[in-house]
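Peer 1: Here you go, target.pdb (PDB, C-alpha atoms and all ligand atoms):
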```pdb
ATOM      1  CA  MET A   1     131.371 127.544 -65.873
ATOM      2  CA  SER A   2     128.716 127.388 -68.595
ATOM      3  CA  THR A   3     130.068 127.998 -72.065
ATOM      4  CA  THR A   4     126.631 128.484 -73.612
ATOM      5  CA  GLY A   5     124.584 129.912 -70.743
ATOM      6  CA  LEU A   6     122.036 127.154 -71.386
ATOM      7  CA  GLY A   7     122.660 125.257 -68.187
ATOM      8  CA  PHE A   8     123.828 121.912 -69.571
ATOM      9  CA  SER A   9     127.486 122.444 -68.770
ATOM     10  CA  GLY A  10     129.931 121.095 -66.211
ATOM     11  CA  GLU A  11     128.570 118.637 -63.665
ATOM     12  CA  VAL A  12     125.040 118.911 -65.090
ATOM     13  CA  ALA A  13     126.248 117.271 -68.316
ATOM     14  CA  GLY A  14     127.692 114.409 -66.266
ATOM     15  CA  TYR A  15     124.396 113.940 -64.411
ATOM     16  CA  TYR A  16     122.555 114.041 -67.752
ATOM     17  CA  ALA A  17     124.753 111.320 -69.254
ATOM     18  CA  LYS A  18     124.499 109.097 -66.189
ATOM     19  CA  PHE A  19     120.947 109.486 -64.948
ATOM     20  CA  ARG A  20     118.553 110.475 -67.761
ATOM     21  CA  PRO A  21     116.570 107.493 -68.943
ATOM     22  CA  GLY A  22     117.230 107.512 -72.688
ATOM     23  CA  TYR A  23     114.836 105.891 -75.144
ATOM     24  CA  PRO A  24     114.252 102.132 -74.791
ATOM     25  CA  PRO A  25     114.187  99.803 -77.851
ATOM     26  CA  PRO A  26     110.367  99.989 -78.380
ATOM     27  CA  VAL A  27     110.650 103.778 -78.854
ATOM     28  CA  ILE A  28     113.534 103.432 -81.329
ATOM     29  CA  ASP A  29     111.723 100.620 -83.185
ATOM     30  CA  ALA A  30     108.584 102.756 -83.494
ATOM     31  CA  LEU A  31     110.619 105.775 -84.603
ATOM     32  CA  VAL A  32     112.409 103.768 -87.308
ATOM     33  CA  ALA A  33     109.081 102.320 -88.514
ATOM     34  CA  GLU A  34     107.186 105.644 -88.489
ATOM     35  CA  LEU A  35     109.948 107.492 -90.339
ATOM     36  CA  GLY A  36     110.598 104.524 -92.633
ATOM     37  CA  LEU A  37     114.325 104.706 -91.855
ATOM     38  CA  THR A  38     116.714 102.245 -93.489
ATOM     39  CA  GLY A  39     120.388 101.389 -93.266
ATOM     40  CA  ASP A  40     121.028 103.805 -96.181
ATOM     41  CA  ASP A  41     119.749 106.878 -94.361
ATOM     42  CA  VAL A  42     121.554 109.862 -92.899
ATOM     43  CA  VAL A  43     119.887 111.481 -89.892
ATOM     44  CA  LEU A  44     120.427 114.792 -88.121
ATOM     45  CA  ASP A  45     119.918 114.631 -84.326
ATOM     46  CA  LEU A  46     119.573 118.276 -83.298
ATOM     47  CA  GLY A  47     120.047 119.058 -79.590
ATOM     48  CA  CYS A  48     121.591 115.603 -79.229
ATOM     49  CA  GLY A  49     122.786 116.106 -75.648
ATOM     50  CA  THR A  50     124.978 113.178 -74.623
ATOM     51  CA  GLY A  51     123.513 110.933 -77.342
ATOM     52  CA  GLN A  52     120.204 109.601 -75.967
ATOM     53  CA  LEU A  53     118.784 109.316 -79.520
ATOM     54  CA  ALA A  54     121.897 109.414 -81.705
ATOM     55  CA  VAL A  55     123.450 106.317 -80.131
ATOM     56  CA  PRO A  56     120.540 103.857 -80.582
ATOM     57  CA  LEU A  57     119.648 105.361 -83.978
ATOM     58  CA  SER A  58     123.208 104.912 -85.224
ATOM     59  CA  ALA A  59     122.664 101.136 -85.139
ATOM     60  CA  ARG A  60     119.731 101.486 -87.542
ATOM     61  CA  VAL A  61     120.920 104.026 -90.140
ATOM     62  CA  ARG A  62     124.043 104.720 -92.206
ATOM     63  CA  ARG A  63     125.169 107.877 -90.420
ATOM     64  CA  VAL A  64     124.050 110.291 -87.720
ATOM     65  CA  LEU A  65     125.183 113.898 -87.500
ATOM     66  CA  ALA A  66     124.645 114.769 -83.833
ATOM     67  CA  VAL A  67     124.655 118.514 -83.115
ATOM     68  CA  ASP A  68     124.518 120.363 -79.799
ATOM     69  CA  PRO A  69     125.712 123.825 -78.708
ATOM     70  CA  GLU A  70     127.070 122.549 -75.376
ATOM     71  CA  PRO A  71     130.570 121.029 -75.688
ATOM     72  CA  ASP A  72     130.309 119.570 -72.182
ATOM     73  CA  MET A  73     127.321 117.471 -73.289
ATOM     74  CA  LEU A  74     129.205 116.256 -76.379
ATOM     75  CA  ALA A  75     132.223 115.417 -74.196
ATOM     76  CA  HIS A  76     130.124 112.653 -72.568
ATOM     77  CA  ALA A  77     128.979 111.171 -75.890
ATOM     78  CA  PRO A  78     130.532 107.824 -76.859
ATOM     79  CA  LYS A  79     132.804 107.545 -79.893
ATOM     80  CA  LEU A  80     131.049 105.540 -82.619
ATOM     81  CA  PRO A  81     132.181 104.921 -86.211
ATOM     82  CA  ASN A  82     129.046 106.356 -87.866
ATOM     83  CA  VAL A  83     128.213 109.241 -85.528
ATOM     84  CA  GLU A  84     129.756 112.660 -85.974
ATOM     85  CA  TRP A  85     129.381 114.845 -82.861
ATOM     86  CA  ARG A  86     129.478 118.522 -83.762
ATOM     87  CA  VAL A  87     129.125 121.753 -81.788
ATOM     88  CA  GLY A  88     126.293 123.804 -83.314
ATOM     89  CA  SER A  89     122.683 124.812 -82.949
ATOM     90  CA  ASP A  90     119.415 125.114 -84.857
ATOM     91  CA  ALA A  91     120.758 128.373 -86.329
ATOM     92  CA  ASP A  92     123.364 126.324 -88.244
ATOM     93  CA  VAL A  93     120.842 124.022 -89.933
ATOM     94  CA  PRO A  94     120.982 125.699 -93.395
ATOM     95  CA  GLU A  95     124.727 124.918 -93.592
ATOM     96  CA  LEU A  96     124.451 121.309 -92.416
ATOM     97  CA  GLY A  97     123.126 119.871 -95.681
ATOM     98  CA  ARG A  98     120.306 117.520 -96.616
ATOM     99  CA  PHE A  99     119.076 114.693 -94.372
ATOM    100  CA  ASP A 100     116.735 111.744 -94.741
ATOM    101  CA  ALA A 101     115.285 112.724 -91.351
ATOM    102  CA  VAL A 102     115.760 115.295 -88.599
ATOM    103  CA  VAL A 103     115.065 114.179 -85.022
ATOM    104  CA  VAL A 104     114.818 116.485 -82.001
ATOM    105  CA  GLY A 105     114.595 114.845 -78.570
ATOM    106  CA  GLN A 106     113.460 116.967 -75.659
ATOM    107  CA  ALA A 107     115.148 120.054 -77.087
ATOM    108  CA  LEU A 108     112.794 121.894 -79.471
ATOM    109  CA  HIS A 109     111.759 124.364 -76.749
ATOM    110  CA  TRP A 110     115.299 125.799 -76.967
ATOM    111  CA  MET A 111     115.018 126.404 -80.717
ATOM    112  CA  ASP A 112     113.231 128.629 -83.211
ATOM    113  CA  HIS A 113     110.986 125.769 -84.337
ATOM    114  CA  GLU A 114     109.191 127.704 -87.105
ATOM    115  CA  ARG A 115     112.527 128.628 -88.701
ATOM    116  CA  LEU A 116     113.812 125.076 -88.265
ATOM    117  CA  PHE A 117     110.783 123.526 -89.998
ATOM    118  CA  ARG A 118     111.138 125.990 -92.893
ATOM    119  CA  GLN A 119     114.904 125.721 -93.274
ATOM    120  CA  ALA A 120     115.808 122.071 -92.637
ATOM    121  CA  ARG A 121     116.393 120.223 -95.884
ATOM    122  CA  THR A 122     114.435 117.069 -95.097
ATOM    123  CA  ARG A 123     110.996 115.582 -95.660
ATOM    124  CA  LYS A 124     110.875 113.767 -92.336
ATOM    125  CA  PHE A 125     110.877 115.199 -88.830
ATOM    126  CA  ALA A 126     110.389 113.593 -85.427
ATOM    127  CA  ILE A 127     109.850 115.858 -82.423
ATOM    128  CA  ILE A 128     110.136 113.759 -79.286
ATOM    129  CA  ALA A 129     109.074 114.504 -75.703
ATOM    130  CA  ASN A 130     110.564 112.000 -73.272
ATOM    131  CA  GLY A 131     107.743 111.933 -70.729
ATOM    132  CA  THR A 132     106.983 114.962 -68.569
ATOM    133  CA  PRO A 133     109.351 116.668 -66.111
ATOM    134  CA  LEU A 134     109.425 114.830 -62.762
ATOM    135  CA  TRP A 135     108.047 117.848 -60.869
ATOM    136  CA  ARG A 136     104.984 117.902 -63.127
ATOM    137  CA  GLN A 137     104.139 114.236 -62.715
ATOM    138  CA  HIS A 138     104.576 113.804 -58.952
ATOM    139  CA  PRO A 139     103.290 116.351 -56.369
ATOM    140  CA  THR A 140     105.755 115.111 -53.720
ATOM    141  CA  ILE A 141     108.770 115.643 -55.981
ATOM    142  CA  ARG A 142     107.427 119.097 -56.856
ATOM    143  CA  ARG A 143     107.017 119.934 -53.153
ATOM    144  CA  VAL A 144     110.606 118.870 -52.323
ATOM    145  CA  LEU A 145     111.968 121.033 -55.152
ATOM    146  CA  GLU A 146     109.739 124.003 -54.323
ATOM    147  CA  GLU A 147     110.786 123.883 -50.654
ATOM    148  CA  TRP A 148     114.449 123.550 -51.628
ATOM    149  CA  PHE A 149     114.432 126.398 -54.143
ATOM    150  CA  GLY A 150     111.694 128.511 -52.512
ATOM    151  CA  LYS A 151     109.854 129.071 -55.785
ATOM    152  CA  PRO A 152     107.166 127.341 -57.881
ATOM    153  CA  MET A 153     108.305 124.643 -60.308
ATOM    154  CA  THR A 154     106.267 125.050 -63.479
ATOM    155  CA  ALA A 155     108.536 124.527 -66.517
ATOM    156  CA  GLY A 156     107.003 122.115 -69.030
ATOM    157  CA  CYS A 157     110.084 121.968 -71.302
ATOM    158  CA  GLY A 158     107.971 121.653 -74.446
ATOM    159  CA  THR A 159     106.124 118.542 -73.240
ATOM    160  CA  ASP A 160     102.646 119.999 -72.639
ATOM    161  CA  SER A 161      99.752 119.756 -75.084
ATOM    162  CA  GLU A 162      99.845 123.479 -75.845
ATOM    163  CA  ALA A 163     103.504 123.249 -76.953
ATOM    164  CA  ARG A 164     102.740 120.144 -79.031
ATOM    165  CA  ARG A 165      99.860 121.925 -80.745
ATOM    166  CA  ARG A 166     102.177 124.819 -81.682
ATOM    167  CA  TYR A 167     104.793 122.420 -83.057
ATOM    168  CA  ALA A 168     102.212 120.511 -85.125
ATOM    169  CA  ASP A 169     100.723 123.770 -86.470
ATOM    170  CA  ALA A 170     104.175 125.024 -87.467
ATOM    171  CA  LEU A 171     104.944 121.742 -89.232
ATOM    172  CA  ARG A 172     101.674 122.031 -91.172
ATOM    173  CA  GLU A 173     102.527 125.614 -92.120
ATOM    174  CA  ALA A 174     105.876 124.425 -93.428
ATOM    175  CA  GLY A 175     104.028 121.950 -95.699
ATOM    176  CA  HIS A 176     104.238 118.739 -93.628
ATOM    177  CA  GLU A 177     101.545 116.381 -92.373
ATOM    178  CA  PRO A 178     102.334 115.728 -88.705
ATOM    179  CA  ARG A 179     101.022 112.737 -86.816
ATOM    180  CA  GLU A 180     101.209 112.323 -83.040
ATOM    181  CA  TRP A 181     101.848 108.926 -81.463
ATOM    182  CA  THR A 182     103.010 107.604 -78.117
ATOM    183  CA  VAL A 183     104.941 104.776 -76.503
ATOM    184  CA  SER A 184     104.459 104.170 -72.753
ATOM    185  CA  TYR A 185     106.700 102.321 -70.357
ATOM    186  CA  SER A 186     107.900 102.658 -66.785
ATOM    187  CA  HIS A 187     111.360 103.244 -65.379
ATOM    188  CA  GLU A 188     112.367 102.452 -61.808
ATOM    189  CA  HIS A 189     114.788 104.947 -60.245
ATOM    190  CA  THR A 190     116.618 104.357 -56.992
ATOM    191  CA  ILE A 191     116.492 107.518 -54.865
ATOM    192  CA  GLU A 192     120.116 108.235 -55.882
ATOM    193  CA  GLU A 193     119.108 107.938 -59.539
ATOM    194  CA  LEU A 194     116.032 110.091 -58.987
ATOM    195  CA  ALA A 195     118.178 112.807 -57.374
ATOM    196  CA  GLY A 196     120.683 112.485 -60.246
ATOM    197  CA  SER A 197     117.915 112.872 -62.808
ATOM    198  CA  LEU A 198     116.695 116.007 -61.013
ATOM    199  CA  PHE A 199     120.265 117.386 -60.866
ATOM    200  CA  SER A 200     120.492 116.831 -64.639
ATOM    201  CA  ALA A 201     117.540 119.214 -65.071
ATOM    202  CA  MET A 202     119.159 122.007 -63.010
ATOM    203  CA  SER A 203     121.685 124.560 -64.145
ATOM    204  CA  PRO A 204     125.210 124.599 -62.683
ATOM    205  CA  ASP A 205     124.362 127.702 -60.627
ATOM    206  CA  THR A 206     121.244 126.146 -59.034
ATOM    207  CA  LEU A 207     122.714 122.664 -58.500
ATOM    208  CA  PRO A 208     123.004 122.014 -54.734
ATOM    209  CA  LYS A 209     126.637 122.269 -53.600
ATOM    210  CA  PRO A 210     128.358 118.855 -53.404
ATOM    211  CA  ASP A 211     128.130 118.756 -49.597
ATOM    212  CA  GLU A 212     124.366 119.571 -49.738
ATOM    213  CA  ARG A 213     123.492 116.824 -52.213
ATOM    214  CA  PRO A 214     123.214 114.000 -49.619
ATOM    215  CA  ARG A 215     120.729 116.173 -47.664
ATOM    216  CA  PHE A 216     118.696 116.798 -50.855
ATOM    217  CA  GLN A 217     118.686 113.073 -51.559
ATOM    218  CA  GLU A 218     117.592 112.274 -47.976
ATOM    219  CA  ARG A 219     114.761 114.788 -48.191
ATOM    220  CA  LEU A 220     113.613 113.143 -51.389
ATOM    221  CA  ARG A 221     113.732 109.680 -49.787
ATOM    222  CA  GLU A 222     111.698 110.830 -46.758
ATOM    223  CA  ALA A 223     109.117 112.598 -48.907
ATOM    224  CA  ILE A 224     108.700 109.691 -51.347
ATOM    225  CA  GLY A 225     108.614 107.269 -48.388
ATOM    226  CA  ASN A 226     110.405 104.590 -50.380
ATOM    227  CA  ASP A 227     113.862 103.626 -51.636
ATOM    228  CA  SER A 228     112.774 103.804 -55.253
ATOM    229  CA  TYR A 229     110.364 105.609 -57.538
ATOM    230  CA  VAL A 230     108.711 104.046 -60.569
ATOM    231  CA  GLU A 231     108.310 106.757 -63.179
ATOM    232  CA  PRO A 232     105.461 106.240 -65.630
ATOM    233  CA  ILE A 233     106.848 107.561 -68.932
ATOM    234  CA  THR A 234     104.837 108.302 -72.038
ATOM    235  CA  VAL A 235     107.075 109.293 -74.919
ATOM    236  CA  VAL A 236     105.074 111.571 -77.211
ATOM    237  CA  VAL A 237     106.302 111.907 -80.784
ATOM    238  CA  ILE A 238     105.145 114.229 -83.532
ATOM    239  CA  SER A 239     106.466 112.874 -86.787
ATOM    240  CA  THR A 240     106.027 113.572 -90.471
ATOM    241  CA  PRO A 241     105.983 110.522 -92.727
TER     242      PRO A 241
HETATM  243  C1  LIG B 301     117.143 118.248 -72.472
HETATM  244  S1  LIG B 301     118.570 118.047 -73.513
HETATM  245  C2  LIG B 301     118.045 116.782 -74.656
HETATM  246  C3  LIG B 301     119.122 115.797 -74.993
HETATM  247  C4  LIG B 301     118.663 114.587 -75.811
HETATM  248  N1  LIG B 301     118.280 114.975 -77.154
HETATM  249  C5  LIG B 301     117.524 113.820 -75.168
HETATM  250  O1  LIG B 301     116.560 113.500 -75.871
HETATM  251  O2  LIG B 301     117.613 113.505 -73.969
HETATM  252  C6  LIG B 301     118.438 119.513 -74.493
HETATM  253  C7  LIG B 301     119.673 119.751 -75.347
HETATM  254  O3  LIG B 301     119.371 120.785 -76.280
HETATM  255  C8  LIG B 301     120.548 121.529 -76.471
HETATM  256  N2  LIG B 301     120.211 122.833 -77.058
HETATM  257  C9  LIG B 301     119.884 123.966 -76.410
HETATM  258  N3  LIG B 301     119.666 124.961 -77.293
HETATM  259  C10 LIG B 301     119.830 124.431 -78.532
HETATM  260  C11 LIG B 301     119.760 124.973 -79.844
HETATM  261  N4  LIG B 301     119.439 126.258 -80.063
HETATM  262  N5  LIG B 301     120.029 124.162 -80.898
HETATM  263  C12 LIG B 301     120.349 122.856 -80.680
HETATM  264  N6  LIG B 301     120.417 122.296 -79.442
HETATM  265  C13 LIG B 301     120.175 123.070 -78.386
HETATM  266  C14 LIG B 301     121.156 121.604 -75.075
HETATM  267  O4  LIG B 301     122.536 121.935 -75.084
HETATM  268  C15 LIG B 301     120.879 120.204 -74.547
HETATM  269  O5  LIG B 301     121.968 119.331 -74.762
END
```
Could you take the file, read its structure, and then write that structure out as structure tokens?

Peer 2:
Amino acid sequence: MSTTGLGFSGEVAGYYAKFRPGYPPPVIDALVAELGLTGDDVVLDLGCGTGQLAVPLSARVRRVLAVDPEPDMLAHAPKLPNVEWRVGSDADVPELGRFDAVVVGQALHWMDHERLFRQARTRKFAIIANGTPLWRQHPTIRRVLEEWFGKPMTAGCGTDSEARRRYADALREAGHEPREWTVSYSHEHTIEELAGSLFSAMSPDTLPKPDERPRFQERLREAIGNDSYVEPITVVVISTP
């Protein structure tokens, strides 16, 4: 049962931890360089999920405070000496203290971004979109999902250019100078991994029942016509130097 109503609880959190491609080293290298992070810095990862950003960043900075409202997501995060995992949300930011940088990976669309940019005590932000949702990049995947759920699949999850424009405008209004940059790579999913990644984007109440999941996976395999899918991923980052 979801504790937050956000949809990242229970089995979905497990699928997220196991099947979401995180951020490969070139993305982390570019992020560290753009933000000018050093081994002395303390970073807030807001909406940290199961640690896709916090874990690789923790090897490059002094400490990461990783905050997420969903305890089930945090339950899948690894224990690391310099990462503190804490239940909380963007509403708690004023009480969290001052940070050398605040990073938000694939989660700003859940937050009040204007308030966050005004309230966070930092000079450096990085707002990161990890590619585009699978149903937006591949018409066959969209068709399988739309047939399964019987409704259009349109959610952009903050990755579209309109959302990015709003985020950049709000950063400017809060006195920052945002810059957009990208890193592209590809990620090969087996069909099982592709299904797992799609399950990680569902909510526990829409997730196919365990005995229906093999049928969903088979439908995906037939529609894709292959045993794997190579996802072209462009990570888009808006950062403030
Ligand atoms: C799509 S996941 C992103 C996880 C990870 N940062 C990544 O880059 O893959 C979105 C996360 O945002 C969290 N979230 C939702 N609302 C939030 C809020 N108001 N404040 C902070 N995090 C929130 C969710 O619980 C979820 O773990």

Peer 1: Select, from A:Asp205, A:Glu147, A:Glu212, A:Asp160, the residue with the minimum atom-to-atom distance to Val12 (chain A), counting only C-alpha atoms.

Peer 2: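 Counting only C-alpha atoms, the residue closest to Val12 (chain A) is A:Asp205.
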
Peer 1: Tell me, counting all atoms listed in the file, for each residue of chain A within 9 Å of ligand LIG 301 (chain B), which pair of atoms is nearest and how far apart they are in Å to one decimal, in rows ordered by chain and increasing number, as CSV.

Peer 2:
```
residue,atom,partner,partner_atom,distance
A:Thr4,CA,B:LIG301,O4,7.9
A:Leu6,CA,B:LIG301,C9,6.3
A:Gly7,CA,B:LIG301,O4,7.7
A:Phe8,CA,B:LIG301,O4,5.7
A:Ser9,CA,B:LIG301,O4,8.0
A:Ala13,CA,B:LIG301,O5,8.0
A:Tyr16,CA,B:LIG301,O2,8.0
A:Ala17,CA,B:LIG301,O2,8.8
A:Arg20,CA,B:LIG301,O2,7.0
A:Pro21,CA,B:LIG301,O2,7.9
A:Gly22,CA,B:LIG301,O2,6.1
A:Tyr23,CA,B:LIG301,O1,7.8
A:Asp45,CA,B:LIG301,N1,7.4
A:Leu46,CA,B:LIG301,C12,5.3
A:Gly47,CA,B:LIG301,N6,3.3
A:Cys48,CA,B:LIG301,N1,4.0
A:Gly49,CA,B:LIG301,O5,3.4
A:Thr50,CA,B:LIG301,C3,6.4
A:Gly51,CA,B:LIG301,C4,6.3
A:Gln52,CA,B:LIG301,C5,5.1
A:Leu53,CA,B:LIG301,O1,6.0
A:Ala54,CA,B:LIG301,N1,8.0
A:Val67,CA,B:LIG301,C12,6.6
A:Asp68,CA,B:LIG301,N6,4.5
A:Pro69,CA,B:LIG301,O4,5.2
A:Glu70,CA,B:LIG301,O4,4.6
A:Pro71,CA,B:LIG301,O4,8.1
A:Asp72,CA,B:LIG301,O4,8.6
A:Met73,CA,B:LIG301,O5,5.9
A:Leu74,CA,B:LIG301,O5,8.0
A:Val87,CA,B:LIG301,C12,8.9
A:Gly88,CA,B:LIG301,C12,6.6
A:Ser89,CA,B:LIG301,N5,3.4
A:Asp90,CA,B:LIG301,N5,4.1
A:Ala91,CA,B:LIG301,N4,6.7
A:Asp92,CA,B:LIG301,N5,8.4
A:Val103,CA,B:LIG301,N1,8.5
A:Val104,CA,B:LIG301,N1,6.1
A:Gly105,CA,B:LIG301,O1,3.6
A:Gln106,CA,B:LIG301,O1,4.7
A:Ala107,CA,B:LIG301,C6,4.2
A:Leu108,CA,B:LIG301,O3,7.4
A:His109,CA,B:LIG301,N3,7.9
A:Trp110,CA,B:LIG301,N3,4.5
A:Met111,CA,B:LIG301,N4,4.5
A:Asp112,CA,B:LIG301,N4,7.4
A:Ile128,CA,B:LIG301,O1,7.3
A:Ala129,CA,B:LIG301,O1,7.6
A:Asn130,CA,B:LIG301,O1,6.7
A:Cys157,CA,B:LIG301,C1,8.1
A:Ser200,CA,B:LIG301,C1,8.6
A:Ala201,CA,B:LIG301,C1,7.5
```

Peer 1: If I take CA of Gly150 (chain A) and CA of Val235 (chain A), how far is one from the other in Å, to one decimal?

Peer 2: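 These atoms are spaced 29.9 Å apart.
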
Peer 1: So what do you get for CA of Phe117 (chain A) versus CA of Thr38 (chain A), distance-wise?

Peer 2: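 Value for the CA of Phe117 (chain A)-CA of Thr38 (chain A) distance: 22.4 Å.
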
Peer 1: Report as a list in words the residues that result from applying the PyMOL selection byres (((chain A and resi 198) around 9) and not hetatm) to the structure here.

Peer 2: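 Taken over the shown coordinates, the PyMOL selection byres (((chain A and resi 198) around 9) and not hetatm) returns Tyr15, Phe19, Arg20, Pro133, Leu134, Trp135, Glu193, Leu194, Ala195, Gly196, Ser197, Phe199, Ser200, Ala201 and Met202 of chain A.
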